[in-house]
$ cat protein.tsv   # TSV, C-alpha atoms
chain	number	residue	atom	x	y	z
A	179	MET	CA	65.18	-13.55	-187.53
A	180	ALA	CA	68.17	-14.73	-185.53
A	181	ARG	CA	70.00	-17.80	-186.76
A	182	LYS	CA	69.60	-20.63	-184.27
A	183	PRO	CA	72.48	-22.98	-183.46
A	184	ALA	CA	72.43	-26.05	-185.66
A	185	ASN	CA	72.85	-29.69	-184.65
A	186	THR	CA	72.33	-29.10	-180.93
A	187	PRO	CA	69.32	-30.24	-178.90
A	188	ALA	CA	66.91	-27.49	-177.91
A	189	PRO	CA	67.34	-26.51	-174.26
A	190	ASP	CA	64.46	-26.52	-171.79
A	191	ILE	CA	65.09	-22.95	-170.63
A	192	SER	CA	66.16	-19.79	-172.47
A	193	VAL	CA	67.40	-16.91	-170.33
A	194	VAL	CA	66.89	-13.69	-172.32
A	195	VAL	CA	68.74	-10.53	-171.29
A	196	PRO	CA	68.32	-7.19	-173.13
A	197	VAL	CA	71.36	-4.93	-172.83
A	198	PHE	CA	72.24	-1.42	-173.94
A	199	ASP	CA	75.61	0.11	-173.02
A	200	GLU	CA	76.22	-2.42	-170.24
A	201	GLU	CA	79.84	-3.34	-170.94
A	202	GLY	CA	80.64	-3.12	-167.23
A	203	ALA	CA	77.78	-5.31	-166.02
A	204	ALA	CA	77.08	-7.83	-168.80
A	205	PRO	CA	80.06	-10.22	-168.50
A	206	ALA	CA	79.68	-10.72	-164.74
A	207	LEU	CA	75.94	-11.16	-165.19
A	208	ALA	CA	76.46	-13.85	-167.84
A	209	ARG	CA	78.71	-15.78	-165.47
A	210	GLU	CA	76.14	-15.47	-162.68
A	211	ILE	CA	73.37	-16.79	-164.93
A	212	ALA	CA	75.50	-19.76	-165.99
A	213	ALA	CA	76.21	-20.57	-162.33
A	214	ALA	CA	72.55	-20.19	-161.31
A	215	PHE	CA	71.30	-22.60	-163.99
A	216	LYS	CA	74.18	-25.08	-163.79
A	217	GLY	CA	72.89	-28.65	-164.02
A	218	ARG	CA	69.84	-27.64	-166.04
A	219	SER	CA	69.22	-27.64	-169.78
A	220	PHE	CA	69.53	-23.95	-170.67
A	221	GLU	CA	70.84	-21.32	-173.01
A	222	ILE	CA	71.61	-17.65	-172.38
A	223	VAL	CA	70.50	-15.18	-175.04
A	224	PHE	CA	71.86	-11.66	-174.64
A	225	VAL	CA	70.31	-9.14	-177.02
A	226	ASP	CA	72.52	-6.11	-177.59
A	227	ASP	CA	70.26	-3.20	-178.47
A	228	ALA	CA	72.84	-1.39	-180.62
A	229	SER	CA	75.15	-0.50	-177.74
A	230	ARG	CA	77.65	2.31	-178.28
A	231	ASP	CA	80.28	0.78	-176.01
A	232	GLY	CA	82.02	-2.61	-175.99
A	233	THR	CA	79.06	-4.62	-174.67
A	234	ARG	CA	78.76	-6.92	-177.67
A	235	GLY	CA	82.48	-7.59	-177.91
A	236	ALA	CA	82.76	-8.29	-174.19
A	237	LEU	CA	79.96	-10.85	-174.41
A	238	LYS	CA	81.29	-12.54	-177.53
A	239	ALA	CA	84.65	-12.94	-175.80
A	240	LEU	CA	82.88	-15.05	-173.14
A	241	GLN	CA	81.42	-17.63	-175.53
A	242	ALA	CA	84.41	-19.94	-175.25
A	243	GLU	CA	84.04	-19.87	-171.45
A	244	ILE	CA	80.23	-20.18	-171.48
A	245	PRO	CA	79.15	-22.45	-174.38
A	246	GLN	CA	75.46	-21.82	-173.65
A	247	LEU	CA	75.89	-18.10	-174.39
A	248	ARG	CA	74.42	-16.60	-177.55
A	249	VAL	CA	74.70	-12.95	-178.52
A	250	LEU	CA	72.11	-11.33	-180.80
A	251	GLY	CA	72.42	-7.73	-181.90
A	252	HIS	CA	70.16	-4.99	-183.22
A	253	ALA	CA	71.41	-2.78	-186.03
A	254	LYS	CA	69.43	0.12	-184.54
A	255	ASN	CA	68.48	0.91	-180.95
A	256	SER	CA	64.86	-0.20	-180.55
A	257	GLY	CA	64.18	-0.32	-176.82
A	258	GLN	CA	63.90	-2.92	-174.09
A	259	SER	CA	60.61	-4.48	-175.21
A	260	ARG	CA	61.84	-5.03	-178.76
A	261	ALA	CA	65.08	-6.53	-177.45
A	262	ILE	CA	63.10	-8.93	-175.26
A	263	ARG	CA	60.91	-9.90	-178.22
A	264	THR	CA	63.98	-10.46	-180.39
A	265	GLY	CA	65.38	-12.74	-177.70
A	266	VAL	CA	62.14	-14.68	-177.30
A	267	LEU	CA	61.78	-15.12	-181.06
A	268	GLY	CA	65.35	-16.43	-181.21
A	269	ALA	CA	65.02	-18.56	-178.09
A	270	ARG	CA	64.86	-22.35	-178.39
A	271	GLY	CA	63.53	-23.20	-174.93
A	272	ALA	CA	59.83	-23.67	-174.15
A	273	VAL	CA	60.33	-21.67	-170.95
A	274	VAL	CA	61.85	-18.19	-171.08
A	275	VAL	CA	63.37	-16.30	-168.18
A	276	THR	CA	63.98	-12.58	-168.57
A	277	LEU	CA	66.04	-10.29	-166.39
A	278	ASP	CA	67.44	-6.79	-166.70
A	279	GLY	CA	70.94	-6.36	-168.06
A	280	ASP	CA	72.12	-3.94	-165.36
A	281	GLY	CA	72.78	-6.64	-162.77
A	282	GLN	CA	70.15	-5.46	-160.28
A	283	ASN	CA	68.11	-8.66	-160.67
A	284	ASP	CA	69.76	-11.64	-158.96
A	285	PRO	CA	70.03	-14.58	-161.39
A	286	ALA	CA	69.94	-16.96	-158.42
A	287	ASP	CA	66.20	-16.23	-158.17
A	288	GLY	CA	65.57	-17.40	-161.74
A	289	PRO	CA	65.40	-21.16	-161.12
A	290	LYS	CA	62.74	-20.83	-158.40
A	291	LEU	CA	60.50	-18.91	-160.78
A	292	VAL	CA	60.97	-21.64	-163.39
A	293	ASP	CA	60.20	-24.36	-160.85
A	294	ALA	CA	57.02	-22.57	-159.76
A	295	LEU	CA	55.93	-22.18	-163.38
A	296	LEU	CA	56.50	-25.85	-164.21
A	297	ALA	CA	54.82	-27.02	-160.99
A	298	GLY	CA	51.64	-25.17	-161.93
A	299	PRO	CA	48.90	-26.17	-164.36
A	300	PRO	CA	49.36	-25.61	-168.12
A	301	SER	CA	47.21	-22.50	-167.78
A	302	LEU	CA	49.86	-20.89	-165.55
A	303	ALA	CA	51.80	-18.95	-168.16
A	304	LEU	CA	53.86	-16.47	-166.14
A	305	VAL	CA	55.53	-16.27	-162.74
A	306	GLY	CA	56.83	-12.78	-162.07
A	307	GLY	CA	59.28	-11.52	-159.49
A	308	GLU	CA	58.32	-8.88	-156.93
A	309	ARG	CA	61.34	-6.97	-155.67
A	310	VAL	CA	61.83	-6.78	-151.90
A	311	LYS	CA	64.18	-4.27	-150.24
A	312	ARG	CA	64.60	-2.34	-153.48
A	313	GLN	CA	68.01	-0.78	-153.94
A	314	ASP	CA	66.89	2.37	-155.76
A	315	SER	CA	66.62	6.05	-154.90
A	316	GLN	CA	63.70	7.13	-152.75
A	317	ALA	CA	62.27	9.16	-155.64
A	318	LYS	CA	62.36	6.12	-157.92
A	319	LYS	CA	60.72	3.90	-155.31
A	320	VAL	CA	57.93	6.40	-154.69
A	321	ALA	CA	57.29	6.86	-158.41
A	322	SER	CA	57.22	3.10	-158.88
A	323	ARG	CA	54.83	2.60	-155.97
A	324	ILE	CA	52.39	5.15	-157.37
A	325	GLY	CA	52.68	3.80	-160.91
A	326	ASN	CA	52.16	0.20	-159.81
A	327	GLY	CA	49.15	1.19	-157.72
A	328	VAL	CA	47.44	3.06	-160.54
A	329	ARG	CA	48.17	0.32	-163.07
A	330	LYS	CA	46.97	-2.46	-160.76
A	331	ARG	CA	43.72	-0.63	-160.02
A	332	LEU	CA	42.94	0.15	-163.67
A	333	LEU	CA	44.05	-3.12	-165.24
A	334	LYS	CA	43.18	-5.48	-162.35
A	335	ASP	CA	46.25	-7.56	-163.18
A	336	THR	CA	46.95	-8.55	-159.51
A	337	ALA	CA	50.63	-7.58	-159.96
A	338	ASN	CA	52.37	-5.46	-157.35
A	339	ASP	CA	55.59	-4.90	-159.33
A	340	THR	CA	55.44	-5.23	-163.09
A	341	GLY	CA	58.64	-3.19	-163.35
A	342	CYS	CA	60.67	-6.15	-162.10
A	343	GLY	CA	62.57	-7.51	-165.09
A	344	LEU	CA	62.85	-11.01	-163.62
A	345	LYS	CA	60.06	-13.18	-165.00
A	346	ALA	CA	59.57	-16.77	-166.15
A	347	PHE	CA	56.96	-17.51	-168.79
A	348	ARG	CA	55.96	-19.97	-171.46
A	349	ARG	CA	57.38	-18.90	-174.81
A	350	GLU	CA	54.26	-19.96	-176.71
A	351	ALA	CA	52.05	-17.82	-174.46
A	352	PHE	CA	54.25	-14.74	-174.90
A	353	LEU	CA	54.13	-15.05	-178.68
A	354	ARG	CA	50.32	-15.00	-178.58
A	355	LEU	CA	50.32	-11.50	-177.07
A	356	PRO	CA	49.91	-8.33	-179.17
A	357	TYR	CA	53.26	-6.57	-179.44
A	358	PHE	CA	53.85	-2.86	-178.73
A	359	ASP	CA	56.68	-0.82	-177.25
A	360	HIS	CA	56.89	-1.15	-173.44
A	361	ILE	CA	54.91	-4.40	-173.51
A	362	HIS	CA	57.32	-5.83	-170.92
A	363	ARG	CA	55.59	-3.75	-168.21
A	364	TYR	CA	52.16	-5.16	-169.03
A	365	LEU	CA	52.78	-8.88	-169.44
A	366	PRO	CA	50.58	-9.97	-166.48
A	367	ALA	CA	47.56	-8.00	-167.76
A	368	LEU	CA	48.02	-9.30	-171.30
A	369	MET	CA	48.46	-12.90	-170.13
A	370	LEU	CA	45.19	-12.63	-168.20
A	371	ARG	CA	43.54	-11.15	-171.29
A	372	GLU	CA	44.44	-14.32	-173.21
A	373	GLY	CA	42.91	-16.53	-170.51
A	374	TYR	CA	46.16	-17.57	-168.82
A	375	GLN	CA	46.95	-17.50	-165.11
A	376	THR	CA	49.82	-15.61	-163.48
A	377	ALA	CA	51.62	-15.85	-160.13
A	378	PHE	CA	54.28	-13.85	-158.30
A	379	LEU	CA	57.15	-14.59	-155.94
A	380	PRO	CA	59.44	-12.29	-153.90
A	381	VAL	CA	62.92	-11.82	-155.37
A	382	ALA	CA	66.06	-9.96	-154.36
A	383	HIS	CA	67.12	-6.59	-155.71
A	384	ARG	CA	70.67	-5.26	-155.85
A	385	HIS	CA	72.49	-1.96	-156.24
A	386	ARG	CA	73.60	-1.06	-159.75
A	387	GLN	CA	77.39	-1.43	-159.77
A	388	THR	CA	78.21	0.07	-163.17
A	389	GLY	CA	76.59	2.21	-165.85
A	390	VAL	CA	73.54	4.43	-165.52
A	391	SER	CA	69.78	3.90	-165.75
A	392	LYS	CA	68.30	4.37	-169.22
A	393	TYR	CA	65.01	5.70	-167.81
A	394	THR	CA	63.84	8.75	-165.87
A	395	ASN	CA	60.78	9.07	-163.64
A	396	LEU	CA	59.31	11.71	-165.95
A	397	GLY	CA	59.98	9.59	-169.02
A	398	ARG	CA	58.26	6.58	-167.47
A	399	LEU	CA	55.25	8.67	-166.47
A	400	TRP	CA	54.83	10.13	-169.95
A	401	VAL	CA	54.80	6.80	-171.78
A	402	SER	CA	52.84	4.95	-169.09
A	403	LEU	CA	49.79	7.17	-169.54
A	404	SER	CA	49.34	6.28	-173.19
A	405	ASP	CA	50.33	2.66	-172.56
A	406	LEU	CA	47.70	2.28	-169.85
A	407	MET	CA	45.01	3.64	-172.14
A	408	GLY	CA	46.14	1.27	-174.87
A	409	VAL	CA	46.11	-1.82	-172.65
A	410	MET	CA	42.71	-0.86	-171.25
A	411	TRP	CA	41.44	-0.65	-174.84
A	412	LEU	CA	42.90	-4.09	-175.60
A	413	GLN	CA	41.17	-5.52	-172.54
A	414	SER	CA	37.85	-4.00	-173.60
A	415	ARG	CA	38.14	-5.57	-177.06
A	416	ALA	CA	39.04	-9.08	-175.86
A	417	ARG	CA	36.65	-11.96	-176.52
A	418	ASN	CA	37.80	-15.22	-174.96
A	419	PRO	CA	36.33	-18.53	-176.24
A	420	ALA	CA	37.03	-20.21	-172.83
A	421	GLY	CA	38.48	-23.28	-174.54
A	422	VAL	CA	38.78	-24.87	-177.97
A	423	ASP	CA	37.91	-28.43	-178.97
A	424	GLU	CA	37.89	-30.34	-182.23
A	425	ALA	CA	34.82	-32.29	-183.36
$ encode --input "protein.tsv" --output "structure tokens"
Amino acid sequence: MARKPANTPAPDISVVVPVFDEEGAAPALAREIAAAFKGRSFEIVFVDDASRDGTRGALKALQAEIPQLRVLGHAKNSGQSRAIRTGVLGARGAVVVTLDGDGQNDPADGPKLVDALLAGPPSLALVGGERVKRQDSQAKKVASRIGNGVRKRLLKDTANDTGCGLKAFRREAFLRLPYFDHIHRYLPALMLREGYQTAFLPVAHRHRQTGVSKYTNLGRLWVSLSDLMGVMWLQSRARNPAGVDEA
């Protein structure tokens, strides 16, 4: 468990960013996040998933400039979903915003997702981003379109783009979900399974400026098949009490 800062009030919002070998993108992204959430009560939690480059050092060097910045680190590379979970477990805010560490998500869209979440009823647990004008290769866009279509039809999660890393959700709701690798692609379906509501807003998407993608189309396809079967099984085994009261 990450050590939480002592003697400081808990922020309202925790921005969690998983990174792996993103030395070129992470510092600029941290500055963008700080600018986007300026004037709000927030912290930034970068989770370094055992990077082999200078990602962690570059981020730690920014802590004097950005006092809200925290840097957690894995001893062993464990994947994006585990890094997100590590960040959420270490987060102090009741609302968590996640975004990818490659800089393709625009942090300026984060506050509007938070505002939409807080403006909704308590049952609204997640507001996800849906990327418009995606700045990816044609092959990647086609693969994503097919994958999203199949997933949406089988899981009935109403989400058009679960691959978008930019999401705002209630920390308590996330921690109620069953954990497994690649869970970050199935958060809407799992939130619905727990009886929560979800919503989606259009967000910007940018070209990757540095580094390389950690995924391939074939790799995504291979894991998504077993993941889909697993989430469908979880849905079939859900029994929702539709409310709890105390006599």
$ residues_around --input "protein.tsv" --residues "Leu277 (chain A)" --least-positions-apart "5" --cutoff "6 Å" --atoms "all atoms listed in the file" --output "PyMOL selection string"
chain A and resi 195+343-344
$ residues_around --input "protein.tsv" --residues "Ala351 (chain A)" --least-positions-apart "3" --cutoff "7 Å" --atoms "all atoms listed in the file" --output "NGL selection string"
:A and (303 or 348 or 354)
$ atom_distance --input "protein.tsv" --atom1 "CA of Arg209 (chain A)" --atom2 "CA of Thr388 (chain A)"
16.0 Å
$ closest_residue --input "protein.tsv" --among "A:Gln387, A:Thr336, A:Pro205, A:Tyr357" --to "Glu243 (chain A)" --atoms "only C-alpha atoms"
A:Pro205
$ residues_around --input "protein.tsv" --residues "Ser259 (chain A)" --least-positions-apart "2" --cutoff "9 Å" --atoms "only C-alpha atoms" --output "PyMOL selection string"
chain A and resi 196+256-257+261-264+357-363
$ write_last_selection --input "protein.tsv" --atoms "C-alpha atoms" --output "mmCIF file, in the frame of the given file"
data_model
loop_
_atom_site.group_PDB
_atom_site.id
_atom_site.type_symbol
_atom_site.label_atom_id
_atom_site.label_comp_id
_atom_site.auth_asym_id
_atom_site.auth_seq_id
_atom_site.Cartn_x
_atom_site.Cartn_y
_atom_site.Cartn_z
ATOM 1 C CA PRO A 196 68.320 -7.190 -173.130
ATOM 2 C CA SER A 256 64.860 -0.200 -180.550
ATOM 3 C CA GLY A 257 64.180 -0.320 -176.820
ATOM 4 C CA ALA A 261 65.080 -6.530 -177.450
ATOM 5 C CA ILE A 262 63.100 -8.930 -175.260
ATOM 6 C CA ARG A 263 60.910 -9.900 -178.220
ATOM 7 C CA THR A 264 63.980 -10.460 -180.390
ATOM 8 C CA TYR A 357 53.260 -6.570 -179.440
ATOM 9 C CA PHE A 358 53.850 -2.860 -178.730
ATOM 10 C CA ASP A 359 56.680 -0.820 -177.250
ATOM 11 C CA HIS A 360 56.890 -1.150 -173.440
ATOM 12 C CA ILE A 361 54.910 -4.400 -173.510
ATOM 13 C CA HIS A 362 57.320 -5.830 -170.920
ATOM 14 C CA ARG A 363 55.590 -3.750 -168.210
#
$ residues_around --input "protein.tsv" --residues "Val310 (chain A)" --least-positions-apart "4" --cutoff "9 Å" --atoms "only C-alpha atoms" --output "PyMOL selection string"
chain A and resi 380-383
$ residues_around --input "protein.tsv" --residues "Asp287 (chain A)" --least-positions-apart "2" --cutoff "12 Å" --atoms "only C-alpha atoms" --output "MDAnalysis selection string"
chainID A and resid 210:211 213:215 275:277 282:285 289:294 305:309 343:346 379:383
$ atom_distance --input "protein.tsv" --atom1 "CA of Gln375 (chain A)" --atom2 "CA of Val225 (chain A)"
27.5 Å
$ atom_distance --input "protein.tsv" --atom1 "CA of Leu368 (chain A)" --atom2 "CA of Arg270 (chain A)"
22.5 Å
$ closest_residue --input "protein.tsv" --among "A:Phe224, A:Phe352, A:Tyr364, A:Phe198" --to "Gly265 (chain A)" --atoms "all atoms listed in the file"
A:Phe224
$ closest_residue --input "protein.tsv" --among "A:Ala203, A:Val197, A:Ala212, A:Val249" --to "Ala228 (chain A)" --atoms "all atoms listed in the file"
A:Val197
$ closest_residue --input "protein.tsv" --among "A:Pro189, A:Asp199, A:Thr233, A:Lys238" --to "Phe220 (chain A)" --atoms "only C-alpha atoms"
A:Pro189
$ closest_atom_pairs --input "protein.tsv" --of "region 334-357 of chain A" --to "region 404-419 of chain A" --cutoff "12 Å" --atoms "only C-alpha atoms" --output "CSV"
residue,atom,partner,partner_atom,distance
A:Lys334,CA,A:Met410,CA,10.0
A:Asp335,CA,A:Gln413,CA,10.8
A:Leu355,CA,A:Leu412,CA,10.6
A:Pro356,CA,A:Leu412,CA,8.9
A:Tyr357,CA,A:Val409,CA,10.9
$ write_last_selection --input "protein.tsv" --atoms "C-alpha atoms" --output "PDB file, in the frame of the given file"
ATOM      1  CA  LYS A 334      43.180  -5.480-162.350  1.00  0.00           C
ATOM      2  CA  ASP A 335      46.250  -7.560-163.180  1.00  0.00           C
ATOM      3  CA  LEU A 355      50.320 -11.500-177.070  1.00  0.00           C
ATOM      4  CA  PRO A 356      49.910  -8.330-179.170  1.00  0.00           C
ATOM      5  CA  TYR A 357      53.260  -6.570-179.440  1.00  0.00           C
TER       6      TYR A 357
END
$ closest_residue --input "protein.tsv" --among "A:Leu207, A:Leu333, A:Leu247, A:Gln241" --to "Val223 (chain A)" --atoms "all atoms listed in the file"
A:Leu247
